[in-house]
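One structure is given below, encoded as structure tokens.
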There are 4 protein chains.
Amino acid sequence: MKVLLASGKSAGKRYIDAVDWRLQEKIPEPVRDEKVEEIHPKILKDESIELVFSALPGSIAGDIELELASAGFFVFSNASAHRMDPDVPLLVADINPDHLALVAHQRKSRPGYIVTNPNCTVTGFITGLKPLDVEFGINDVVMTSYQALSGAGYPGVPSLDIVGNIIPYIPGEEEKVESECKKILGRISESSIEPSSVNVIASCARVPVRDGHLESVLVRPKSDASLEEILKAFYLYKSKKSEKLPSAPEKPIIVTEEKDRPQPLFDIYSGSPKRAKGMSITVGRIKKIGDQIRFFLLVHNTIRGAAGCTIMNAELAKLEGFL
Amino acid sequence: MKVLLASGKSAGKRYIDAVDWRLQEKIPEPVRDEKVEEIHPKILKDESIELVFSALPGSIAGDIELELASAGFFVFSNASAHRMDPDVPLLVADINPDHLALVAHQRKSRPGYIVTNPNCTVTGFITGLKPLDVEFGINDVVMTSYQALSGAGYPGVPSLDIVGNIIPYIPGEEEKVESECKKILGRISESSIEPSSVNVIASCARVPVRDGHLESVLVRPKSDASLEEILKAFYLYKSKKSEKLPSAPEKPIIVTEEKDRPQPLFDIYSGSPKRAKGMSITVGRIKKIGDQIRFFLLVHNTIRGAAGCTIMNAELAKLEGFL
Amino acid sequence: MKVLLASGKSAGKRYIDAVDWRLQEKIPEPVRDEKVEEIHPKILKDESIELVFSALPGSIAGDIELELASAGFFVFSNASAHRMDPDVPLLVADINPDHLALVAHQRKSRPGYIVTNPNCTVTGFITGLKPLDVEFGINDVVMTSYQALSGAGYPGVPSLDIVGNIIPYIPGEEEKVESECKKILGRISESSIEPSSVNVIASCARVPVRDGHLESVLVRPKSDASLEEILKAFYLYKSKKSEKLPSAPEKPIIVTEEKDRPQPLFDIYSGSPKRAKGMSITVGRIKKIGDQIRFFLLVHNTIRGAAGCTIMNAELAKLEGFL
Amino acid sequence: MKVLLASGKSAGKRYIDAVDWRLQEKIPEPVRDEKVEEIHPKILKDESIELVFSALPGSIAGDIELELASAGFFVFSNASAHRMDPDVPLLVADINPDHLALVAHQRKSRPGYIVTNPNCTVTGFITGLKPLDVEFGINDVVMTSYQALSGAGYPGVPSLDIVGNIIPYIPGEEEKVESECKKILGRISESSIEPSSVNVIASCARVPVRDGHLESVLVRPKSDASLEEILKAFYLYKSKKSEKLPSAPEKPIIVTEEKDRPQPLFDIYSGSPKRAKGMSITVGRIKKIGDQIRFFLLVHNTIRGAAGCTIMNAELAKLEGFL
């Protein structure tokens with residue numbers, strides 16, 4: 001069984017009336033006319049539900065998600081409220097799958113648990129960093145972003161602010177990139193994550209593009225790497241469990257050697273069409289400059305960067321026996 | 001006296017028919033209907049002309065500018081052909097005015113001379129770096145750009161390539177940023193410029209904005225600087241000779257402390273309206289991160305970044321007695 | 001003396017904090033830091049003010065403007081609330097100046113009066129129709145619009161709705177075009193306006209352009225007109241009193257014979273720079289098709305189409321002795 | 001067997017090197033690396049080919065298509081060169097299928113034949129007009145367009161001309177709309193088409209949208225029609241042979257009753273996903289105004305408006321035994 005839940009404002013409406021549907025794909029028929037209920041653990045109990053996906057606004061997610069976990073539900077959340085909680089995994093299933101083990105620790109203090117996925121910018125960023133961190137270690141990273149409008153939600157950015165313009169500021173974003181990145185690259189101990197020592201400097205800007213965060217990245221690795229080794233690290237990176245996760249891409253990273261790619265308009269859906277569209281990042285313009293590694297990466301911010309990642313995380317939990 | 005010159009393709013046409021005028025301001029009446037002549041030293045001689053402004057395409061500028069200098073003309077060029085010639089100043093009059101002295105060396109081998117100004121991205125970039133270089137010295141700089149459409153000329157970027165998109169590649173741009181920057185920050189000797197030892201890493205992208213190159217900059221200074229000292233360096237930077245150059249801005253750098261600025265749409269004309277509009281850069285989001293300095297800067301790429309700089313350079317030459 | 005008034009939400013703030021300033025021009029220094037007061041007739045009395053400019057939201061303008069007029073103030077309003085009131089002039093000072101006389105009738109029932117100006121789309125539209133109506137009479141008009149983002153106010157249209165898109169619907173707009181147009185072209189009687197018999201069909205769409213409403217217009221005149229006569233009507237149209245109104249343009253209509261103009265980006269400020277910028281419309285692509293007249297017109301929707309018109313109307317009232 | 005042909009400029013290249021691929025979908029693998037040959041009847045003979053699809057530039061299509069038809073090939077062309085030839089069908093297979101019969105007449109004078117499809121704007125327009133013409137007859141139509149960038153080909157419109165702008169002029173477009181429309185609605189005689197007497201007035205503009213021509217349409221029908229009858233005409237329109245044409249949509253017209261649709265961004269692929277995507281137009285904002293009918297329609301200009309129509313026409317020829 002499944003139910004659609006929302007805050008009181010939307011409760012009682014049909015799904016199509018409660019959402020501002022702004023995708024080119026039509027709203028899926030099976031949920032289009034379904035009634036939205038007000039969030040309450042009791043409703044979930046009545047429906048014999050165990051698994052909850054949360055895309056609540058940050059302001060209310062904190063309390064509700066805790067309440068749900070305390071009531072015994074397994075919460076997979078795209079909200080930022082609990083990302084930095086010590087015992088909550090900040091998970092990208094094909095990047096740091098071992099962090100999921102934290103939920104066992106959570107369950108010592110409550111019957112359910114919370115699993116979060118990172119900010120949309122971070123999900124792409126960390127996917128590009130992971131193979132380099134595995135192969136060479138990373139001392140420093142400088143990241144500058146070109147972030148799409150859909151990352152701000154709806155109604156989000158007023159058109160008068162962004163048509164023909166760039167806004168070099170996204171509230172709270174640079175701080176999230178820095179802290180979430182260190183947690184995801186960190187090492188799991190019994191009850192928490194020891195953050196990575198990597199230095200991250202992020203500069204974030206909004207651009208007039210619908211979907212797809214583009215990021216310029218400069219990495220100073222711990223051990224020296226030849227261009228050939230770098231390319232190999234990107235080309236071969238693969239999560240062992242991907243094949244068993246229906247929403248995981250065959251390869252989290254698609255490498256393009258075209259000189260002017262990746263581009264949001266043409267590359268957000270790159271990757272194998274056999275698996276979920278929009279779940280791979282694209283890396284291009286890879287160059288060794290001195291002892292540093294420069295590249296651009298592109299992530300579909302609302303698929304791999306949000307809902308797709310939440311689902312893939314739940315699939316991993318299922319595979320690992322936590323669901 | 002003055003004449004308008006062009007290649008054979010445009011010769012004989014009225015100015016308005018020879019150009020693709022794409023500015024919001026109307027074409028100036030005094031030149032609108034003037035006839036364009038084919039470039040040839042003889043025409044300039046006949047008209048008793050000494051000073052030549054060149055905005056020729058790179059492919060033909062090389063030979064023609066040399067020919068003109070050899071025929072005794074003083075050439076101020078926005079073209080890239082001679083920027084890296086050892087005895088040609090790569091000049092931004094309110095940044096490295098001492099480099100103009102190279103023209104004296106040029107005149108030992110030919111009666112005229114060539115003065116160039118940098119690439120539009122570099123002109124903004126170097127203006128932001130100069131105060132930091134003067135006050136603290138610079139070891140490393142990482143720059144990532146958001147470059148406007150007008151930087152590519154006309155017809156330039158096809159709309160199908162860029163509407164709703166970002167192109168993370170501009171042919172030759174990153175190389176120009178790196179080499180031109182080192183020359184401008186370099187030290188003049190008798191006959192050439194000893195390039196600065198600064199390490200520059202540039203990543204350049206095209207964005208769907210008409211005018212105004214935005215740049216994210218990260219500087220590692222040689223000596224440590226407090227945020228207060230950094231702000232002071234930006235606020236107080238001023239060229240001694242600016243007041244005597246009609247096209248120079250009162251302050252080459254306008255500092256904004258608003259959290260989401262500079263933005264191309266609103267800040268390309270910042271600076272005192274008493275002097276030439278579009279001749280100051282705007283610097284904002286200044287932050288100290290570890291021992292590094294992060295900021296965004298914005299330059300009007302076709303004014304300070306191109307024609308305005310060429311004219312300001314000629315004004316300096318006049319002031320210094322080279323005209 | 002002058003005061004800035006607003007609803008309770010903004011009262012007490014500095015002007016710069018109360019507005020969402022979104023113009024390329026900086027906020028004028030004289031009002032930037034001035035305190036905004038809550039609207040109340042008493043404040044105006046205390047300050048010995050007679051003239052009130054209103055740009056209130058439609059929802060509250062109705063009551064407040066009436067209250068002010070009843071308290072003896074002369075209200076010039078850009079709001080829609082009273083536009084269709086029988087004794088309120090719907091005025092464009094250089095198009096239907098005789099309609100101003102209605103204020104004398106208003107003053108029979110209250111000490112002050114209200115003068116409104118039309119919707120931004122209508123102000124441009126009616127300016128293009130007027131010379132044809134004067135010279136040939138008009139039976140039918142079909143108008144299709146391409147309306148700019150600033151016409152929707154701020155925050156207005158979400159960027160996700162309009163970047164790379166067209167929205168063929170603007171709430172209430174087509175109805176306003178039809179009714180306001182008939183009133184402005186109507187004949188004044190002692191106490192009201194007898195609407196014109198012209199048939200107007202309007203189809204309105206929002207486009208991703210910042211400023212400048214473009215309108216495609218097809219007119220069926222009452223008496224036949226040659227192309228030469230049509231052009232002459234447009235070229236020669238002039239309001240007799242314009243010269244005495246500081247904000248009125250020399251010519252309300254600029255005719256362009258370039259085949260691909262007017263264009264919002266290049267023509268919103270066309271007209272003589274000696275008088276107020278943005279106060280003329282531009283008409284182009286004029287063609288006779290059968291017995292009909294086709295043309296495109298462009299109006300700066302926030303200048304002639306809004307604030308500029310309100311001010312010009314007050315200037316006319318001053319000239320006519322109503323202020 | 002199949003071959004890819006082009007002018008001498010592209011001959012010898014791989015397909016991927018000969019085209020400027022600018023679609024979000026990747027270039028199809030089966031043709032990606034295939035070699036492009038120079039157009040010549042002999043090559044086609046060698047390959048035992050009968051059917052030729054032509055998307056040649058207008059300037060060269062005229063001669064080559066005639067040459068091919070004279071050599072016995074069956075040419076289905078998206079080029080404009082022969083659209084108005086008396087004995088060449090200007091065909092939209094689910095709108096005027098009976099016009100195909102003209103090819104029999106063509107074959108009296110040459111072994112092959114030419115079938116053309118209309119301009120992309122017309123294909124959408126005529127689809128919206130057809131049901132009204134069938135049910136009520138049409139006296140007059142006024143059409144104003146909002147045309148997408150892809151309609152101009154590649155490189156097409158320079159970004160500096162159209163970002164944040166509207167261009168109210170497309171060379172030759174309004175004339176094509178008027179003449180092609182009359183031919184398609186015309187009546188076939190033995191050897192030619194007697195054009196419809198409908199009066200068409202078209203005003204065409206380019207907008208900064210990638211794909212999807214939006215058109216505002218006003219129809220004056222011959223016999224009066226109630227809104228209910230109009231809606232019924234749109235809803236029920238269907239071509240009898242559609243089911244047998246693999247590329248024809250189930251319904252050429254999708255009616256939307258949402259108040260702000262159709263919109264290019266969201267509706268270009270509307271229609272049944274079982275059949276070819278992008279082959280239906282969407283009609284919305286249908287309104288009766290006096291005795292006229294107003295609506296907006298949207299057509300995917302490169303699918304139904306171009307290549308998709310060419311293919312559907314060939315499918316009809318096959319069905320009718322002409323292939």
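Just so we're on the same page: first chain in the structure tokens is A, next is B, and so on; residues restart at 1 for each chain, and ligands are numbered from 1 in the order they show up.
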
Quiz item: Hey, what's within 8 Å of Leu132 (chain A) if we count only C-alpha atoms and toss same-chain stuff fewer than 6 positions away? As JSON, numbers by chain, please?
Solution: {"A": [138, 221, 230, 233, 234]}

Generate a file of the selected residues that holds N, CA, C and O atoms, formatted as a PDB file, in the first residue's frame.
ATOM      1  N   ILE A 138      42.762  12.940  -1.857  1.00  0.00           N
ATOM      2  CA  ILE A 138      42.568  14.342  -2.238  1.00  0.00           C
ATOM      3  C   ILE A 138      42.937  15.257  -1.079  1.00  0.00           C
ATOM      4  O   ILE A 138      42.456  15.082   0.039  1.00  0.00           O
ATOM      5  N   PRO A 221      45.583  16.187  -5.746  1.00  0.00           N
ATOM      6  CA  PRO A 221      45.580  14.834  -5.168  1.00  0.00           C
ATOM      7  C   PRO A 221      46.724  14.673  -4.157  1.00  0.00           C
ATOM      8  O   PRO A 221      47.678  15.446  -4.156  1.00  0.00           O
ATOM      9  N   ILE A 230      44.423   9.157 -14.368  1.00  0.00           N
ATOM     10  CA  ILE A 230      43.211   9.909 -14.004  1.00  0.00           C
ATOM     11  C   ILE A 230      42.028   9.454 -14.861  1.00  0.00           C
ATOM     12  O   ILE A 230      40.944   9.162 -14.366  1.00  0.00           O
ATOM     13  N   ALA A 233      40.854   6.143 -13.836  1.00  0.00           N
ATOM     14  CA  ALA A 233      40.061   6.191 -12.603  1.00  0.00           C
ATOM     15  C   ALA A 233      38.614   6.565 -12.904  1.00  0.00           C
ATOM     16  O   ALA A 233      37.676   5.954 -12.373  1.00  0.00           O
ATOM     17  N   PHE A 234      38.427   7.555 -13.765  1.00  0.00           N
ATOM     18  CA  PHE A 234      37.056   7.966 -14.118  1.00  0.00           C
ATOM     19  C   PHE A 234      36.340   6.880 -14.930  1.00  0.00           C
ATOM     20  O   PHE A 234      35.188   6.550 -14.683  1.00  0.00           O
TER      21      PHE A 234
END

Practice problem: Select from region 14-235 of chain B everything DSSP, run on the backbone, classes as alpha helix (DSSP H), then give the selection as a ChimeraX atom specification. | Solution: /B:15-18,29-32,41-46,58-70,102-106,120-136,159-162,173-184,227-235

Practice problem: Please return as a PyMOL selection string: the residues of region 146-287 of chain B that backbone DSSP assigns to strand (DSSP E or B). | Solution: chain B and resi 146-147+158+167+187-188+193-194+199-203+206+213-221+253-255+281-287

Self-check item: Spatial neighbours of region 158-168 of chain B, 7 Å, only C-alpha atoms, chain gap at least 6 places, as an MDAnalysis selection string
Solution: (chainID A and resid 208:210 260:261 263:265) or (chainID B and resid 204:208) or (chainID C and resid 164) or (chainID D and resid 149:150 155:159 210)

Take the residues that were just selected and, keeping C-alpha atoms, output them as a short mmCIF file (atom, residue, chain, number, x, y, z; two decimals), in the first residue's frame.
data_model
loop_
_atom_site.label_atom_id
_atom_site.label_comp_id
_atom_site.auth_asym_id
_atom_site.auth_seq_id
_atom_site.Cartn_x
_atom_site.Cartn_y
_atom_site.Cartn_z
CA PRO A 208 19.35 30.62 -16.61
CA VAL A 209 19.27 26.90 -17.39
CA ARG A 210 16.31 24.64 -16.49
CA ASP A 260 33.19 21.45 -25.39
CA ARG A 261 31.18 19.04 -23.22
CA GLN A 263 26.64 20.82 -21.56
CA PRO A 264 23.39 20.90 -19.57
CA LEU A 265 21.19 21.00 -22.64
CA CYS B 204 36.20 29.39 -19.11
CA ALA B 205 32.55 28.96 -20.03
CA ARG B 206 30.01 30.79 -22.19
CA VAL B 207 26.65 31.73 -20.63
CA PRO B 208 23.42 33.15 -22.11
CA GLY C 164 12.68 28.99 -23.13
CA LEU D 149 14.72 28.90 -33.16
CA SER D 150 15.04 25.45 -34.70
CA PRO D 155 23.56 28.02 -37.18
CA GLY D 156 20.40 30.04 -37.81
CA VAL D 157 19.66 32.95 -35.54
CA PRO D 158 22.69 34.49 -33.76
CA SER D 159 22.22 34.49 -29.99
CA ARG D 210 14.11 26.02 -28.97
#

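When only C-alpha atoms are used to compute distances to chain C, the closest of the residues B:Ile170, B:Ala152, B:Ile268, B:Val283 turns out to be B:Ile268.
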
Quiz item: What's the 9 Å shell around region 27-40 of chain D, counting only C-alpha atoms, without same-chain residues fewer than 3 positions away, as a VMD selection string?
Solution: chain D and resid 3 to 18 21 23 43 to 44 64 68

Spatial neighbours of Asn313 (chain B), 7 Å, only C-alpha atoms, chain gap at least 5 places, as a PDB file with N, CA and C atoms, in the first residue's frame:
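Produced file around_19.pdb, reproduced below:
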ATOM      1  N   LEU B  91      48.849  46.389 -22.484  1.00  0.00           N
ATOM      2  CA  LEU B  91      48.641  47.509 -21.573  1.00  0.00           C
ATOM      3  C   LEU B  91      47.193  47.689 -21.121  1.00  0.00           C
ATOM      4  N   VAL B  92      47.035  47.920 -19.814  1.00  0.00           N
ATOM      5  CA  VAL B  92      45.777  48.449 -19.271  1.00  0.00           C
ATOM      6  C   VAL B  92      46.218  49.701 -18.508  1.00  0.00           C
ATOM      7  N   ALA B  93      45.879  50.854 -19.043  1.00  0.00           N
ATOM      8  CA  ALA B  93      46.544  52.093 -18.622  1.00  0.00           C
ATOM      9  C   ALA B  93      46.504  52.357 -17.121  1.00  0.00           C
TER      10      ALA B  93
END
